[in-house]
file coords.txt (compact mmCIF, C-alpha atoms and all ligand atoms)
# COMPACT_ATOMS: atom_id res chain seq x y z
CA MET E 11 -22.99 0.63 149.13
CA ARG E 12 -22.92 -3.13 148.80
CA SER E 13 -22.83 -2.89 144.98
CA THR E 14 -19.96 -0.39 145.14
CA LEU E 15 -17.99 -2.80 147.32
CA PHE E 16 -18.73 -5.63 144.88
CA ALA E 17 -17.56 -3.48 141.99
CA LEU E 18 -14.32 -2.66 143.80
CA ILE E 19 -13.63 -6.32 144.53
CA ALA E 20 -14.41 -7.20 140.92
CA MET E 21 -12.03 -4.51 139.62
CA THR E 22 -9.24 -5.58 141.97
CA THR E 23 -9.64 -9.16 140.81
CA LEU E 24 -9.54 -8.08 137.16
CA VAL E 25 -6.40 -6.00 137.70
CA ALA E 26 -4.75 -8.89 139.51
CA CYS E 27 -5.62 -11.21 136.63
CA GLY E 28 -4.27 -8.63 134.19
CA ASP E 29 -0.90 -8.74 135.95
CA LYS E 30 -0.62 -12.44 135.47
CA ALA E 31 -1.52 -12.32 131.80
CA GLU E 32 2.03 -11.79 130.62
CA VAL E 33 2.84 -13.11 127.18
CA THR E 34 5.74 -15.49 127.12
CA PRO E 35 7.65 -15.15 123.85
CA PRO E 36 8.08 -18.28 121.78
CA ALA E 37 11.40 -20.05 122.34
CA SER E 38 12.78 -18.82 119.01
CA GLN E 39 12.34 -15.15 120.06
CA ALA E 40 13.35 -15.68 123.68
CA SER E 41 16.90 -16.53 122.62
CA ALA E 42 17.20 -13.62 120.15
CA PRO E 43 19.99 -11.21 121.14
CA LYS E 44 18.84 -7.98 122.78
CA PRO E 45 19.63 -4.78 120.84
CA VAL E 46 22.72 -3.06 122.19
CA THR E 47 22.13 0.56 123.20
CA TYR E 48 24.79 2.92 124.49
CA ASP E 49 25.36 6.63 124.97
CA ALA E 50 28.32 7.74 122.84
CA ALA E 51 28.49 11.25 124.36
CA PRO E 52 31.05 10.50 127.11
CA VAL E 53 33.29 8.63 124.64
CA VAL E 54 33.43 11.31 121.94
CA ASN E 55 34.08 14.68 123.61
CA PRO E 56 34.17 17.27 120.79
CA GLY E 57 36.07 19.77 122.98
CA LYS E 58 38.78 17.21 123.68
CA LEU E 59 39.02 16.18 120.02
CA LYS E 60 39.53 19.80 118.92
CA TYR E 61 41.98 20.54 121.74
CA VAL E 62 44.11 17.50 120.92
CA ALA E 63 44.06 18.29 117.18
CA VAL E 64 44.83 22.04 117.36
CA CYS E 65 45.94 23.28 120.79
CA GLN E 66 47.93 20.66 122.66
CA GLY E 67 51.09 21.23 120.58
CA CYS E 68 51.58 24.52 122.42
CA HIS E 69 49.54 24.24 125.63
CA GLY E 70 50.50 20.64 126.44
CA SER E 71 48.66 17.34 126.15
CA THR E 72 46.85 17.86 129.47
CA GLY E 73 46.56 21.66 129.23
CA GLY E 74 49.30 22.16 131.80
CA GLY E 75 51.12 24.78 129.71
CA GLN E 76 54.82 24.85 128.84
CA GLY E 77 57.36 27.66 128.39
CA PRO E 78 55.61 30.75 127.02
CA PHE E 79 52.32 28.88 126.56
CA PRO E 80 49.99 29.43 129.51
CA LYS E 81 48.34 26.69 131.52
CA LEU E 82 44.66 26.23 130.58
CA ALA E 83 43.61 23.14 132.58
CA GLY E 84 41.24 23.84 135.47
CA LYS E 85 40.63 27.50 134.62
CA PRO E 86 36.96 28.55 134.80
CA ALA E 87 35.17 27.97 131.49
CA GLU E 88 33.79 31.54 131.51
CA GLU E 89 37.34 32.95 131.69
CA LEU E 90 38.58 30.72 128.84
CA ILE E 91 35.55 31.62 126.71
CA ALA E 92 36.06 35.36 127.36
CA LYS E 93 39.78 35.20 126.44
CA LEU E 94 39.18 33.11 123.31
CA ASN E 95 36.49 35.59 122.22
CA ASP E 96 38.98 38.44 122.77
CA TYR E 97 41.68 36.72 120.68
CA ARG E 98 39.12 35.95 118.00
CA ALA E 99 38.05 39.60 117.93
CA GLY E 100 41.70 40.64 117.58
CA LYS E 101 41.97 42.07 121.13
CA GLU E 102 45.26 41.80 123.00
CA VAL E 103 45.14 39.64 126.13
CA GLY E 104 48.85 39.25 126.92
CA PRO E 105 52.17 40.12 125.21
CA GLN E 106 52.03 37.02 122.95
CA SER E 107 48.43 37.55 121.76
CA SER E 108 49.41 37.66 118.08
CA THR E 109 50.61 34.03 118.35
CA MET E 110 47.25 32.93 119.75
CA MET E 111 44.88 34.97 117.58
CA PRO E 112 44.90 32.86 114.37
CA PHE E 113 43.96 29.74 116.35
CA ALA E 114 41.04 31.49 118.07
CA LYS E 115 39.89 33.01 114.78
CA ALA E 116 39.49 29.51 113.33
CA LEU E 117 37.06 28.48 116.12
CA THR E 118 33.25 28.63 116.07
CA ASP E 119 31.21 29.66 119.15
CA THR E 120 30.32 26.01 119.74
CA GLU E 121 33.97 24.94 119.54
CA ILE E 122 35.02 27.69 121.99
CA GLU E 123 32.34 26.49 124.42
CA SER E 124 33.16 22.78 124.12
CA ILE E 125 36.96 23.27 124.38
CA SER E 126 36.52 25.57 127.40
CA ALA E 127 34.21 23.08 129.15
CA TYR E 128 36.72 20.30 128.49
CA LEU E 129 39.67 22.35 129.83
CA ALA E 130 37.78 23.62 132.89
CA ALA E 131 37.00 20.03 133.87
CA LEU E 132 40.67 18.86 133.71
C1 LIG A 201 51.30 28.18 118.35
C2 LIG A 201 51.07 27.95 119.74
C3 LIG A 201 49.62 27.98 120.24
C4 LIG A 201 48.57 27.22 119.82
C5 LIG A 201 48.54 26.14 118.74
C6 LIG A 201 47.45 27.58 120.67
N1 LIG A 201 47.80 28.55 121.54
FE1 LIG A 201 46.64 29.34 123.00
N2 LIG A 201 48.15 30.60 123.53
C7 LIG A 201 49.39 30.64 122.95
C8 LIG A 201 50.16 31.73 123.52
C9 LIG A 201 51.57 32.14 123.17
C10 LIG A 201 49.32 32.35 124.47
C11 LIG A 201 49.61 33.59 125.33
C12 LIG A 201 49.08 34.77 124.51
C13 LIG A 201 49.08 36.08 125.24
O1 LIG A 201 50.17 36.56 125.62
O2 LIG A 201 47.98 36.63 125.43
C14 LIG A 201 48.07 31.60 124.45
C15 LIG A 201 46.99 31.88 125.28
C16 LIG A 201 45.83 31.16 125.32
C17 LIG A 201 44.73 31.41 126.23
C18 LIG A 201 44.69 32.46 127.34
C19 LIG A 201 45.22 31.82 128.59
C20 LIG A 201 45.27 32.77 129.76
O3 LIG A 201 44.86 32.35 130.85
O4 LIG A 201 45.70 33.90 129.60
C21 LIG A 201 43.76 30.51 125.93
C22 LIG A 201 42.41 30.36 126.63
C23 LIG A 201 44.25 29.70 124.85
N3 LIG A 201 45.50 30.13 124.50
C24 LIG A 201 43.54 28.66 124.28
C25 LIG A 201 43.97 27.97 123.16
C26 LIG A 201 43.15 27.02 122.46
C27 LIG A 201 41.75 26.61 122.87
C28 LIG A 201 43.87 26.59 121.39
C29 LIG A 201 43.44 25.63 120.32
C30 LIG A 201 42.29 26.00 119.56
C31 LIG A 201 45.17 27.24 121.45
N4 LIG A 201 45.18 28.08 122.52
C32 LIG A 201 46.20 27.02 120.56
C33 LIG A 201 49.86 29.78 121.99
C34 LIG A 201 49.12 28.84 121.31

call {"tool": "encode", "arguments": {"input": "coords.txt", "output": "structure tokens"}}
result
Amino acid sequence: MRSTLFALIAMTTLVACGDKAEVTPPASQASAPKPVTYDAAPVVNPGKLKYVAVCQGCHGSTGGGQGPFPKLAGKPAEELIAKLNDYRAGKEVGPQSSTMMPFAKALTDTEIESISAYLAAL
């Protein structure tokens, strides 16, 4: 019992010493600039890039729609994905479907998903 207690005290002392044994970098390294790390994902939104490049001319810069071009902003992503898949498959959605089909046919699954997520969040 007594030896166990001694061992515990010894270990605690060792751990405490270990904490203090921090290595201070030499002055030359201490002033070296820290590497800059950042997450580029929020800056480069692939859905937004594609929308701005291909779709905004008809559907508006903020997806609000104009004239015969329906509003897309704020619609549920699942609905946008389903309609884009229909256009891509050559299925009629509304009376102007033939205008929309070539643009949907040029999209990949990943592009449909990222554009829809972008529009749903507007
Ligand atoms: C040349 C103009 C034009 C361009 C460019 C265009 N669209 Fe459309 N879009 C339309 C028209 C017109 C309709 C309505 C079609 C119909 O009657 O079904 C439509 C409908 C849609 C719909 C269905 C909306 C709804 O709620 O019924 C979606 C989703 C859509 N477009 C997404 C896109 C995306 C994404 C792009 C870019 C890749 C794009 N559009 C590019 C003209 C365009």

call {"tool": "residues_around", "arguments": {"input": "coords.txt", "residues": "E:Leu94", "least_positions_apart": "4", "cutoff": "10 Å", "atoms": "only C-alpha atoms", "output": "PyMOL selection string"}}
result
chain E and resi 88-90+98-101+103+110-111+113-115+117+119+122-123+126

call {"tool": "residues_around", "arguments": {"input": "coords.txt", "residues": "E:His69", "least_positions_apart": "4", "cutoff": "10 Å", "atoms": "all atoms listed in the file", "output": "VMD selection string"}}
result
chain E and resid 61 to 62 64 to 65 73 to 83

call {"tool": "closest_residue", "arguments": {"input": "coords.txt", "among": "E:Gly84, E:Pro43, E:Gly70, E:Pro105", "to": "ligand LIG 201 (chain A)", "atoms": "all atoms listed in the file"}}
result
E:Pro105

call {"tool": "closest_residue", "arguments": {"input": "coords.txt", "among": "E:Thr109, E:Thr47, E:Thr72, E:Ser41", "to": "ligand LIG 201 (chain A)", "atoms": "only C-alpha atoms and all ligand atoms"}}
result
E:Thr109

call {"tool": "atom_distance", "arguments": {"input": "coords.txt", "atom1": "atom CA of E:Pro56", "atom2": "atom C27 of ligand LIG 201 (chain A)"}}
result
12.2 Å

call {"tool": "axis_aligned_box", "arguments": {"input": "coords.txt", "around": "ligand LIG 201 (chain A)", "padding_each_side": "5 Å", "output": "lines of an AutoDock Vina configuration file"}}
result
center_x = 46.7
center_y = 31.1
center_z = 124.6
size_x = 19.8
size_y = 21.0
size_z = 22.5

call {"tool": "atom_distance", "arguments": {"input": "coords.txt", "atom1": "atom CA of E:Leu132", "atom2": "atom CA of E:Tyr97"}}
result
22.1 Å

call {"tool": "atom_distance", "arguments": {"input": "coords.txt", "atom1": "atom CA of E:Ser107", "atom2": "atom CA of E:Ala92"}}
result
13.8 Å

call {"tool": "closest_residue", "arguments": {"input": "coords.txt", "among": "E:Cys68, E:Ala42, E:Ser124, E:Pro86", "to": "ligand LIG 201 (chain A)", "atoms": "all atoms listed in the file"}}
result
E:Cys68

call {"tool": "closest_residue", "arguments": {"input": "coords.txt", "among": "E:Ile91, E:Val54, E:Val46, E:Leu59", "to": "ligand LIG 201 (chain A)", "atoms": "all atoms listed in the file"}}
result
E:Ile91

call {"tool": "closest_residue", "arguments": {"input": "coords.txt", "among": "E:Leu129, E:Ala63, E:Thr118, E:Gly104", "to": "ligand LIG 201 (chain A)", "atoms": "all atoms listed in the file"}}
result
E:Gly104

call {"tool": "build_atoms", "arguments": {"input": "coords.txt", "residues": "stretch 57-78 of chain E", "atoms": "N, CA and C atoms", "output": "PDB file, keeping the file's coordinate frame"}}
result
ATOM      1  N   GLY E  57      35.090  18.801 122.472  1.00  0.00           N
ATOM      2  CA  GLY E  57      36.070  19.770 122.980  1.00  0.00           C
ATOM      3  C   GLY E  57      37.447  19.146 123.079  1.00  0.00           C
ATOM      4  N   LYS E  58      37.505  17.914 123.559  1.00  0.00           N
ATOM      5  CA  LYS E  58      38.780  17.210 123.680  1.00  0.00           C
ATOM      6  C   LYS E  58      39.373  16.934 122.298  1.00  0.00           C
ATOM      7  N   LEU E  59      38.535  16.486 121.380  1.00  0.00           N
ATOM      8  CA  LEU E  59      39.020  16.180 120.020  1.00  0.00           C
ATOM      9  C   LEU E  59      39.676  17.411 119.399  1.00  0.00           C
ATOM     10  N   LYS E  60      39.011  18.558 119.514  1.00  0.00           N
ATOM     11  CA  LYS E  60      39.530  19.800 118.920  1.00  0.00           C
ATOM     12  C   LYS E  60      40.813  20.228 119.636  1.00  0.00           C
ATOM     13  N   TYR E  61      40.804  20.134 120.971  1.00  0.00           N
ATOM     14  CA  TYR E  61      41.980  20.540 121.740  1.00  0.00           C
ATOM     15  C   TYR E  61      43.198  19.702 121.332  1.00  0.00           C
ATOM     16  N   VAL E  62      43.005  18.394 121.260  1.00  0.00           N
ATOM     17  CA  VAL E  62      44.110  17.500 120.920  1.00  0.00           C
ATOM     18  C   VAL E  62      44.612  17.790 119.499  1.00  0.00           C
ATOM     19  N   ALA E  63      43.670  18.070 118.581  1.00  0.00           N
ATOM     20  CA  ALA E  63      44.060  18.290 117.180  1.00  0.00           C
ATOM     21  C   ALA E  63      44.774  19.627 116.991  1.00  0.00           C
ATOM     22  N   VAL E  64      44.342  20.687 117.673  1.00  0.00           N
ATOM     23  CA  VAL E  64      44.830  22.040 117.360  1.00  0.00           C
ATOM     24  C   VAL E  64      45.699  22.665 118.457  1.00  0.00           C
ATOM     25  N   CYS E  65      45.371  22.459 119.721  1.00  0.00           N
ATOM     26  CA  CYS E  65      45.940  23.280 120.790  1.00  0.00           C
ATOM     27  C   CYS E  65      47.041  22.618 121.603  1.00  0.00           C
ATOM     28  N   GLN E  66      47.023  21.302 121.700  1.00  0.00           N
ATOM     29  CA  GLN E  66      47.930  20.660 122.660  1.00  0.00           C
ATOM     30  C   GLN E  66      49.404  20.818 122.282  1.00  0.00           C
ATOM     31  N   GLY E  67      49.697  21.048 121.000  1.00  0.00           N
ATOM     32  CA  GLY E  67      51.090  21.230 120.580  1.00  0.00           C
ATOM     33  C   GLY E  67      51.764  22.352 121.340  1.00  0.00           C
ATOM     34  N   CYS E  68      51.020  23.406 121.653  1.00  0.00           N
ATOM     35  CA  CYS E  68      51.580  24.520 122.420  1.00  0.00           C
ATOM     36  C   CYS E  68      51.238  24.416 123.907  1.00  0.00           C
ATOM     37  N   HIS E  69      49.972  24.162 124.221  1.00  0.00           N
ATOM     38  CA  HIS E  69      49.540  24.240 125.630  1.00  0.00           C
ATOM     39  C   HIS E  69      49.731  22.935 126.404  1.00  0.00           C
ATOM     40  N   GLY E  70      50.231  21.899 125.743  1.00  0.00           N
ATOM     41  CA  GLY E  70      50.500  20.640 126.440  1.00  0.00           C
ATOM     42  C   GLY E  70      49.347  19.662 126.338  1.00  0.00           C
ATOM     43  N   SER E  71      49.674  18.365 126.394  1.00  0.00           N
ATOM     44  CA  SER E  71      48.660  17.340 126.150  1.00  0.00           C
ATOM     45  C   SER E  71      47.574  17.331 127.226  1.00  0.00           C
ATOM     46  N   THR E  72      47.884  17.814 128.434  1.00  0.00           N
ATOM     47  CA  THR E  72      46.850  17.860 129.470  1.00  0.00           C
ATOM     48  C   THR E  72      46.536  19.309 129.869  1.00  0.00           C
ATOM     49  N   GLY E  73      46.884  20.247 128.985  1.00  0.00           N
ATOM     50  CA  GLY E  73      46.560  21.660 129.230  1.00  0.00           C
ATOM     51  C   GLY E  73      47.383  22.292 130.331  1.00  0.00           C
ATOM     52  N   GLY E  74      48.494  21.665 130.687  1.00  0.00           N
ATOM     53  CA  GLY E  74      49.300  22.160 131.800  1.00  0.00           C
ATOM     54  C   GLY E  74      50.195  23.333 131.442  1.00  0.00           C
ATOM     55  N   GLY E  75      50.264  23.679 130.145  1.00  0.00           N
ATOM     56  CA  GLY E  75      51.120  24.780 129.710  1.00  0.00           C
ATOM     57  C   GLY E  75      52.573  24.352 129.665  1.00  0.00           C
ATOM     58  N   GLN E  76      53.378  25.117 128.932  1.00  0.00           N
ATOM     59  CA  GLN E  76      54.820  24.850 128.840  1.00  0.00           C
ATOM     60  C   GLN E  76      55.481  26.103 128.288  1.00  0.00           C
ATOM     61  N   GLY E  77      56.638  26.465 128.842  1.00  0.00           N
ATOM     62  CA  GLY E  77      57.360  27.660 128.390  1.00  0.00           C
ATOM     63  C   GLY E  77      56.453  28.874 128.321  1.00  0.00           C
ATOM     64  N   PRO E  78      56.412  29.518 127.138  1.00  0.00           N
ATOM     65  CA  PRO E  78      55.610  30.750 127.020  1.00  0.00           C
ATOM     66  C   PRO E  78      54.106  30.486 126.861  1.00  0.00           C
TER      67      PRO E  78
END
